[in-house]
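A.B. asks: Got a structure for you, written out below as structure tokens; questions coming shortly.
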Amino acid sequence: VTVTVTASADHVTITIQDNGPGIPPGEIDALEYGEETSLSHGSGIGLWLVKWVCDQYGGEAAFEADSGVGSTVLISLHRSQSG
């Protein structure tokens with residue numbers, strides 16, 4: 001697993017990559033459409049939690065998978081404006 005954090009003046013992006021079996025296409029579809037069906041559904045709650053936290057704080061979550069090669073999860077959140 002590789003985790004990379006990059007920051008700009010207004011966003012922080014966290015990229016998580018692995019070389020596992022990939023996220024099943026049906027699971028990515030469910031996350032992108034925001035609902036599960038009998039054909040598109042998740043196998044757990046972890047990726048849903050990532051999506052819900054990003055949605056709650058005005059950020060974005062993107063999920064990419066290449067079956068058998070690995071997965072990438074991108075999390076982008078607005079930077080806190082302190083001071």
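In the structure tokens, each chain is lettered A, B, ... as it comes, each chain's residues begin at 1, and ligands are numbered from 1 in order of appearance.
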Excluding region 51-65 of chain A and its own-chain neighbours fewer than 5 positions away, which residues fall within 9 Å of it when counting only C-alpha atoms? Please give them as a short mmCIF file (atom, residue, chain, number, x, y, z; two decimals) with all heavy atoms, in the first residue's frame.
C.D. replies:
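Produced file selection00.cif, reproduced below:
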```
data_model
loop_
_atom_site.label_atom_id
_atom_site.label_comp_id
_atom_site.auth_asym_id
_atom_site.auth_seq_id
_atom_site.Cartn_x
_atom_site.Cartn_y
_atom_site.Cartn_z
N HIS A 11 -6.81 22.83 -1.15
CA HIS A 11 -7.20 21.42 -1.04
C HIS A 11 -6.06 20.54 -0.51
O HIS A 11 -4.90 20.85 -0.70
CB HIS A 11 -7.60 20.85 -2.41
CG HIS A 11 -8.95 21.27 -2.86
ND1 HIS A 11 -9.17 22.44 -3.55
CD2 HIS A 11 -10.15 20.67 -2.72
CE1 HIS A 11 -10.45 22.54 -3.82
NE2 HIS A 11 -11.07 21.49 -3.32
N PRO A 21 -6.44 -7.29 -5.50
CA PRO A 21 -7.31 -7.78 -6.56
C PRO A 21 -8.19 -6.71 -7.21
O PRO A 21 -8.85 -6.96 -8.20
CB PRO A 21 -8.17 -8.84 -5.86
CG PRO A 21 -8.20 -8.39 -4.44
CD PRO A 21 -6.84 -7.77 -4.19
N GLY A 22 -8.21 -5.52 -6.67
CA GLY A 22 -9.04 -4.45 -7.22
C GLY A 22 -10.41 -4.41 -6.58
O GLY A 22 -10.87 -5.39 -5.99
N ILE A 23 -11.07 -3.27 -6.70
CA ILE A 23 -12.43 -3.11 -6.20
C ILE A 23 -13.36 -3.61 -7.31
O ILE A 23 -13.23 -3.19 -8.46
CB ILE A 23 -12.74 -1.63 -5.89
CG1 ILE A 23 -11.73 -1.07 -4.89
CG2 ILE A 23 -14.17 -1.47 -5.38
CD1 ILE A 23 -11.77 0.44 -4.75
N PRO A 24 -14.31 -4.49 -6.99
CA PRO A 24 -15.22 -5.00 -8.02
C PRO A 24 -16.00 -3.85 -8.69
O PRO A 24 -16.42 -2.91 -8.01
CB PRO A 24 -16.16 -5.93 -7.25
CG PRO A 24 -15.40 -6.30 -6.02
CD PRO A 24 -14.56 -5.11 -5.69
N PRO A 25 -16.19 -3.93 -10.01
CA PRO A 25 -16.91 -2.87 -10.73
C PRO A 25 -18.28 -2.55 -10.15
O PRO A 25 -18.68 -1.39 -10.09
CB PRO A 25 -17.02 -3.40 -12.16
CG PRO A 25 -15.92 -4.39 -12.29
CD PRO A 25 -15.73 -4.98 -10.92
N ILE A 28 -17.89 -0.20 -7.20
CA ILE A 28 -17.61 1.18 -7.63
C ILE A 28 -18.87 1.83 -8.17
O ILE A 28 -19.17 2.99 -7.87
CB ILE A 28 -16.46 1.21 -8.66
CG1 ILE A 28 -15.15 0.81 -7.98
CG2 ILE A 28 -16.34 2.60 -9.29
CD1 ILE A 28 -13.96 0.71 -8.91
N LEU A 31 -21.06 2.99 -5.33
CA LEU A 31 -20.51 4.18 -4.68
C LEU A 31 -20.74 5.42 -5.53
O LEU A 31 -21.09 6.49 -5.02
CB LEU A 31 -19.02 4.00 -4.41
CG LEU A 31 -18.68 2.98 -3.33
CD1 LEU A 31 -17.23 2.54 -3.45
CD2 LEU A 31 -18.96 3.55 -1.95
N GLU A 32 -20.56 5.31 -6.84
CA GLU A 32 -20.74 6.46 -7.73
C GLU A 32 -22.19 6.90 -7.83
O GLU A 32 -22.49 8.08 -7.91
CB GLU A 32 -20.17 6.16 -9.11
CG GLU A 32 -18.66 6.10 -9.11
CD GLU A 32 -18.05 5.75 -10.45
OE1 GLU A 32 -18.79 5.39 -11.40
OE2 GLU A 32 -16.81 5.83 -10.55
N GLY A 46 -16.48 0.08 4.61
CA GLY A 46 -15.30 0.95 4.61
C GLY A 46 -15.30 2.03 3.55
O GLY A 46 -15.09 3.21 3.83
N GLY A 70 -4.71 -3.82 -8.92
CA GLY A 70 -4.75 -2.97 -7.75
C GLY A 70 -5.88 -1.96 -7.79
O GLY A 70 -6.69 -1.94 -8.71
N SER A 71 -5.92 -1.13 -6.77
CA SER A 71 -6.95 -0.11 -6.62
C SER A 71 -6.32 1.21 -6.23
O SER A 71 -5.25 1.25 -5.63
CB SER A 71 -7.94 -0.51 -5.52
OG SER A 71 -8.52 -1.75 -5.80
N THR A 72 -7.03 2.28 -6.55
CA THR A 72 -6.63 3.62 -6.13
C THR A 72 -7.86 4.30 -5.55
O THR A 72 -8.92 4.29 -6.17
CB THR A 72 -6.09 4.44 -7.31
OG1 THR A 72 -4.98 3.74 -7.88
CG2 THR A 72 -5.65 5.83 -6.85
N VAL A 73 -7.70 4.90 -4.39
CA VAL A 73 -8.74 5.72 -3.78
C VAL A 73 -8.17 7.11 -3.63
O VAL A 73 -7.09 7.30 -3.06
CB VAL A 73 -9.17 5.15 -2.40
CG1 VAL A 73 -10.19 6.07 -1.74
CG2 VAL A 73 -9.72 3.74 -2.54
N LEU A 74 -8.89 8.09 -4.19
CA LEU A 74 -8.47 9.49 -4.10
C LEU A 74 -9.46 10.24 -3.21
O LEU A 74 -10.67 10.19 -3.45
CB LEU A 74 -8.45 10.13 -5.48
CG LEU A 74 -7.42 9.53 -6.42
CD1 LEU A 74 -8.03 9.21 -7.74
CD2 LEU A 74 -6.28 10.49 -6.56
N ILE A 75 -8.95 10.92 -2.21
CA ILE A 75 -9.77 11.70 -1.29
C ILE A 75 -9.30 13.15 -1.38
O ILE A 75 -8.12 13.43 -1.18
CB ILE A 75 -9.62 11.19 0.15
CG1 ILE A 75 -10.01 9.72 0.24
CG2 ILE A 75 -10.42 12.05 1.12
CD1 ILE A 75 -9.58 9.04 1.52
N SER A 76 -10.22 14.04 -1.69
CA SER A 76 -9.88 15.46 -1.79
C SER A 76 -10.78 16.24 -0.84
O SER A 76 -12.00 16.15 -0.91
CB SER A 76 -10.08 15.96 -3.23
OG SER A 76 -9.77 17.32 -3.32
N LEU A 77 -10.16 17.00 0.04
CA LEU A 77 -10.89 17.79 1.03
C LEU A 77 -10.38 19.23 1.00
O LEU A 77 -9.22 19.49 0.72
CB LEU A 77 -10.69 17.22 2.44
CG LEU A 77 -11.25 15.82 2.67
CD1 LEU A 77 -10.72 15.26 3.98
CD2 LEU A 77 -12.75 15.83 2.65
N HIS A 78 -11.29 20.17 1.30
CA HIS A 78 -10.90 21.57 1.40
C HIS A 78 -10.02 21.77 2.62
O HIS A 78 -10.26 21.17 3.67
CB HIS A 78 -12.14 22.47 1.52
CG HIS A 78 -13.03 22.42 0.33
ND1 HIS A 78 -12.73 23.06 -0.84
CD2 HIS A 78 -14.20 21.78 0.12
CE1 HIS A 78 -13.68 22.83 -1.72
NE2 HIS A 78 -14.58 22.05 -1.16
#
```
A.B. asks: Please provide the set of residues having any atom within 9 Å of Asp10 (chain A), restricted to only C-alpha atoms, with same-chain residues fewer than 2 positions apart removed, written as a PyMOL selection string.
C.D. replies: chain A and resi 7-8+12+77-81
A.B. asks: Could you dump the residues just selected with N, CA, C and O atoms as a PDB file, in the first residue's frame?
C.D. replies:
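Below is the file that was written, out_2.pdb:
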```pdb
ATOM      1  N   ALA A   7      -0.807  18.838  -1.067  1.00  0.00           N
ATOM      2  CA  ALA A   7      -1.597  19.978  -0.610  1.00  0.00           C
ATOM      3  C   ALA A   7      -1.389  21.157  -1.536  1.00  0.00           C
ATOM      4  O   ALA A   7      -0.291  21.392  -2.031  1.00  0.00           O
ATOM      5  N   SER A   8      -2.464  21.869  -1.774  1.00  0.00           N
ATOM      6  CA  SER A   8      -2.405  23.130  -2.498  1.00  0.00           C
ATOM      7  C   SER A   8      -2.928  24.203  -1.547  1.00  0.00           C
ATOM      8  O   SER A   8      -3.207  23.919  -0.381  1.00  0.00           O
ATOM      9  N   VAL A  12      -6.470  19.465   0.108  1.00  0.00           N
ATOM     10  CA  VAL A  12      -5.541  18.387   0.471  1.00  0.00           C
ATOM     11  C   VAL A  12      -6.061  17.137  -0.226  1.00  0.00           C
ATOM     12  O   VAL A  12      -7.248  16.827  -0.162  1.00  0.00           O
ATOM     13  N   LEU A  77     -10.155  16.999   0.043  1.00  0.00           N
ATOM     14  CA  LEU A  77     -10.886  17.793   1.029  1.00  0.00           C
ATOM     15  C   LEU A  77     -10.381  19.227   1.002  1.00  0.00           C
ATOM     16  O   LEU A  77      -9.220  19.488   0.716  1.00  0.00           O
ATOM     17  N   HIS A  78     -11.286  20.166   1.303  1.00  0.00           N
ATOM     18  CA  HIS A  78     -10.903  21.571   1.398  1.00  0.00           C
ATOM     19  C   HIS A  78     -10.019  21.774   2.620  1.00  0.00           C
ATOM     20  O   HIS A  78     -10.263  21.174   3.673  1.00  0.00           O
ATOM     21  N   ARG A  79      -9.010  22.602   2.472  1.00  0.00           N
ATOM     22  CA  ARG A  79      -8.145  22.927   3.609  1.00  0.00           C
ATOM     23  C   ARG A  79      -8.891  23.826   4.578  1.00  0.00           C
ATOM     24  O   ARG A  79      -9.687  24.657   4.177  1.00  0.00           O
ATOM     25  N   SER A  80      -8.574  23.679   5.838  1.00  0.00           N
ATOM     26  CA  SER A  80      -9.156  24.533   6.868  1.00  0.00           C
ATOM     27  C   SER A  80      -8.597  25.939   6.719  1.00  0.00           C
ATOM     28  O   SER A  80      -7.406  26.131   6.477  1.00  0.00           O
ATOM     29  N   GLN A  81      -9.469  26.906   6.843  1.00  0.00           N
ATOM     30  CA  GLN A  81      -9.048  28.307   6.789  1.00  0.00           C
ATOM     31  C   GLN A  81      -8.957  28.838   8.209  1.00  0.00           C
ATOM     32  O   GLN A  81      -9.929  29.301   8.777  1.00  0.00           O
TER      33      GLN A  81
END
```
A.B. asks: I need the alpha helix (DSSP H) residues of chain A per DSSP on the backbone, written as a list in words.
C.D. replies: Pro25, Gly26, Glu27, Ile28, Asp29, Ala30, Leu31, Glu32, Tyr33, Gly46, Leu47, Trp48, Leu49, Val50, Lys51, Trp52, Val53, Cys54, Asp55 and Gln56 of chain A
A.B. asks: Limited to N, CA, C and O atoms, could you put the picked residues into a file as a compact mmCIF listing (two decimals), in the first residue's frame?
C.D. replies:
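Wrote selection.txt, looks like this:
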```txt
# COMPACT_ATOMS: atom_id res chain seq x y z
N PRO A 25 -16.19 -3.93 -10.01
CA PRO A 25 -16.91 -2.87 -10.73
C PRO A 25 -18.28 -2.55 -10.15
O PRO A 25 -18.68 -1.39 -10.09
N GLY A 26 -19.01 -3.57 -9.70
CA GLY A 26 -20.33 -3.33 -9.12
C GLY A 26 -20.27 -2.50 -7.86
O GLY A 26 -21.17 -1.71 -7.57
N GLU A 27 -19.20 -2.67 -7.09
CA GLU A 27 -19.03 -1.89 -5.86
C GLU A 27 -18.73 -0.42 -6.20
O GLU A 27 -19.27 0.49 -5.57
N ILE A 28 -17.89 -0.20 -7.20
CA ILE A 28 -17.61 1.18 -7.63
C ILE A 28 -18.87 1.83 -8.17
O ILE A 28 -19.17 2.99 -7.87
N ASP A 29 -19.66 1.09 -8.96
CA ASP A 29 -20.92 1.64 -9.49
C ASP A 29 -21.84 2.08 -8.35
O ASP A 29 -22.43 3.16 -8.40
N ALA A 30 -21.98 1.24 -7.33
CA ALA A 30 -22.84 1.57 -6.20
C ALA A 30 -22.37 2.85 -5.51
O ALA A 30 -23.17 3.73 -5.17
N LEU A 31 -21.06 2.99 -5.33
CA LEU A 31 -20.51 4.18 -4.68
C LEU A 31 -20.74 5.42 -5.53
O LEU A 31 -21.09 6.49 -5.02
N GLU A 32 -20.56 5.31 -6.84
CA GLU A 32 -20.74 6.46 -7.73
C GLU A 32 -22.19 6.90 -7.83
O GLU A 32 -22.49 8.08 -7.91
N TYR A 33 -23.12 5.93 -7.82
CA TYR A 33 -24.54 6.26 -7.93
C TYR A 33 -25.19 6.53 -6.58
O TYR A 33 -26.30 7.01 -6.51
N GLY A 46 -16.48 0.08 4.61
CA GLY A 46 -15.30 0.95 4.61
C GLY A 46 -15.30 2.03 3.55
O GLY A 46 -15.09 3.21 3.83
N LEU A 47 -15.53 1.65 2.29
CA LEU A 47 -15.53 2.65 1.21
C LEU A 47 -16.72 3.59 1.32
O LEU A 47 -16.62 4.77 0.97
N TRP A 48 -17.86 3.07 1.81
CA TRP A 48 -19.01 3.95 2.04
C TRP A 48 -18.67 5.01 3.09
O TRP A 48 -19.05 6.18 2.95
N LEU A 49 -17.95 4.63 4.14
CA LEU A 49 -17.56 5.61 5.16
C LEU A 49 -16.68 6.71 4.56
O LEU A 49 -16.85 7.90 4.87
N VAL A 50 -15.75 6.32 3.70
CA VAL A 50 -14.90 7.31 3.02
C VAL A 50 -15.78 8.27 2.23
O VAL A 50 -15.63 9.49 2.31
N LYS A 51 -16.71 7.74 1.45
CA LYS A 51 -17.60 8.58 0.64
C LYS A 51 -18.45 9.50 1.51
O LYS A 51 -18.58 10.68 1.24
N TRP A 52 -19.05 8.97 2.57
CA TRP A 52 -19.91 9.77 3.42
C TRP A 52 -19.15 10.89 4.12
O TRP A 52 -19.65 12.01 4.24
N VAL A 53 -17.94 10.61 4.60
CA VAL A 53 -17.15 11.67 5.25
C VAL A 53 -16.81 12.76 4.23
O VAL A 53 -16.93 13.95 4.52
N CYS A 54 -16.39 12.37 3.05
CA CYS A 54 -16.08 13.36 2.02
C CYS A 54 -17.31 14.19 1.67
O CYS A 54 -17.23 15.42 1.56
N ASP A 55 -18.45 13.54 1.49
CA ASP A 55 -19.69 14.26 1.19
C ASP A 55 -20.05 15.22 2.32
O ASP A 55 -20.43 16.37 2.07
N GLN A 56 -19.91 14.78 3.56
CA GLN A 56 -20.28 15.60 4.72
C GLN A 56 -19.43 16.87 4.81
O GLN A 56 -19.91 17.91 5.21
```
A.B. asks: Write down as number ranges by chain the residues belonging to chain A that are assigned strand (DSSP E) by DSSP computed on the backbone.
C.D. replies: A: 2-7, 11-18, 60-66, 70-78
A.B. asks: Go ahead and write the residues just picked, C-alpha atoms, as a CSV table (one decimal), in the first residue's frame.
C.D. replies:
```
chain,number,residue,atom,x,y,z
A,2,THR,CA,1.2,3.5,-0.9
A,3,VAL,CA,-0.2,6.6,0.6
A,4,THR,CA,0.6,10.0,-0.8
A,5,VAL,CA,-0.6,13.4,0.5
A,6,THR,CA,-0.4,16.5,-1.6
A,7,ALA,CA,-1.6,20.0,-0.6
A,11,HIS,CA,-7.2,21.4,-1.0
A,12,VAL,CA,-5.5,18.4,0.5
A,13,THR,CA,-5.5,15.2,-1.6
A,14,ILE,CA,-4.8,11.8,-0.2
A,15,THR,CA,-4.1,9.0,-2.7
A,16,ILE,CA,-4.1,5.4,-1.5
A,17,GLN,CA,-2.9,2.7,-3.9
A,18,ASP,CA,-2.5,-1.0,-3.6
A,60,GLU,CA,-14.8,14.3,-3.1
A,61,ALA,CA,-13.9,10.6,-3.1
A,62,ALA,CA,-13.0,8.7,-6.3
A,63,PHE,CA,-12.4,5.0,-6.6
A,64,GLU,CA,-10.5,3.3,-9.4
A,65,ALA,CA,-9.7,-0.3,-9.9
A,66,ASP,CA,-7.8,-2.4,-12.4
A,70,GLY,CA,-4.8,-3.0,-7.7
A,71,SER,CA,-7.0,-0.1,-6.6
A,72,THR,CA,-6.6,3.6,-6.1
A,73,VAL,CA,-8.7,5.7,-3.8
A,74,LEU,CA,-8.5,9.5,-4.1
A,75,ILE,CA,-9.8,11.7,-1.3
A,76,SER,CA,-9.9,15.5,-1.8
A,77,LEU,CA,-10.9,17.8,1.0
A,78,HIS,CA,-10.9,21.6,1.4
```
